[in-house]
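Student: So that we are looking at the same thing, I have put the structure below in structure tokens.
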Amino acid sequence: MTLTTRCPSCGTAFRVQPTQLSARGGKVRCGRCASVFDGVAALVAEAAAAPGAANAPETEPSPQLALFESTRKLPPLAAAGDAANEDAPVADFLDEEPRAGRRIVWALAALLALAVLAAQAVLHFRDEVAVLLPESRARLAAACAALGCELRLPRRPKLMAIESSDLQADGRRDSVIVLNAVVRNQAQFAQEYPALELTLTDERDEALARRVLMPADYLAGASAERLAQGIGPGADVALRMHFDASGVRAVGYRMYLFFP
């Protein structure tokens, strides 16, 4: 069964099948002016659409302003059943909805992208994750071994502080000075031992000598296991070091900690 529908924008008539109209709720696209319209609401009777039908409109409203009329004649509609003169164009039907399989593929791709982002975040903050979730340390270490990264304790210098320090001469040996200091981890998780920079200054507070102390320097004799454990949450570490300051007439010092 063939039906006839007319584009309300340009007046072009089309031959359509009922199955075509039902595929998208009747929505069709005009092949001449590309307007989308309701093909069911625009159905016309075959008898009324035949050539010579009375009262057929000869003009159509301008698509620009409703106050003006265009003088373009409406194209005639071939008579129903007239196979020899049946040249009405066929309407372009709207694309079908994406298939269920395509939607599933997109959903899986989105989930995969989220999983990759989550894995990158875990890898970037692996040190913190290993501290907060100790049971994940073994897996993170295995992942780092495969990816060539390193799993370490967190290093947050803003959560480290030098609680106290003093520098004084060694009364038993000339030109030897003794540094005493206490470093505190203010974080709620363990951190690596920081590096310390000691600068000896003159009376104008200008630098005379500078030395960087690594954990292995100020924790001389400490086992590798102790160094790997770092400073516990809220814990202090006291250090005492002797320096040969011969040739340096220092009257003051500066010291700060950092992570190289």
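Chain labels run A, B, ... following the order of the structure tokens; each chain numbers its residues from 1, and ligands are numbered from 1 in the order shown.
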Quick one: residues within 7 Å of Arg155 of chain A, only C-alpha atoms, excluding same-chain residues fewer than 2 positions away - as a PyMOL selection string?
Tutor: chain A and resi 153+157+191-192+259
Student: Once you have the residues from the selection above, write them out as a compact mmCIF listing (two decimals), in the first residue's frame, restricted to N, CA and C atoms.
Tutor:
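Produced file selection-v1.txt, reproduced below:
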# COMPACT_ATOMS: atom_id res chain seq x y z
N LEU A 153 58.45 6.12 50.27
CA LEU A 153 57.59 6.76 51.25
C LEU A 153 57.25 8.17 50.78
N PRO A 157 57.80 18.05 52.34
CA PRO A 157 58.65 18.91 53.18
C PRO A 157 57.85 19.88 54.04
N GLN A 191 57.11 9.29 56.62
CA GLN A 191 57.77 9.98 55.51
C GLN A 191 59.24 9.58 55.45
N GLU A 192 59.83 9.83 54.29
CA GLU A 192 61.26 9.58 54.15
C GLU A 192 62.05 10.55 55.03
N PHE A 259 63.79 17.69 50.31
CA PHE A 259 63.86 16.39 49.67
C PHE A 259 64.46 16.59 48.27
Student: Applying 10 Å and only C-alpha atoms, which residues near segment 137-143 of chain A remain after dropping the ones on its own chain fewer than 5 positions away? List them as a VMD selection string.
Tutor: chain A and resid 122 to 123 126 to 127 129 to 132 148 to 152
Student: Restricted to C-alpha atoms, what would the selected residues look like written as a short mmCIF file (atom, residue, chain, number, x, y, z; two decimals), in the first residue's frame?
Tutor:
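Result file follows (selection.cif):
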data_model
loop_
_atom_site.label_atom_id
_atom_site.label_comp_id
_atom_site.auth_asym_id
_atom_site.auth_seq_id
_atom_site.Cartn_x
_atom_site.Cartn_y
_atom_site.Cartn_z
CA VAL A 122 46.93 5.44 41.59
CA LEU A 123 50.34 5.23 39.93
CA ARG A 126 51.41 5.40 44.66
CA ASP A 127 53.49 6.46 47.67
CA VAL A 129 48.27 4.92 48.48
CA ALA A 130 50.84 2.46 49.80
CA VAL A 131 50.87 4.29 53.16
CA LEU A 132 47.09 4.62 53.47
CA GLY A 148 60.32 0.95 35.82
CA CYS A 149 59.11 3.31 38.54
CA GLU A 150 60.02 3.38 42.24
CA LEU A 151 57.81 2.92 45.29
CA ARG A 152 58.93 5.17 48.11
#
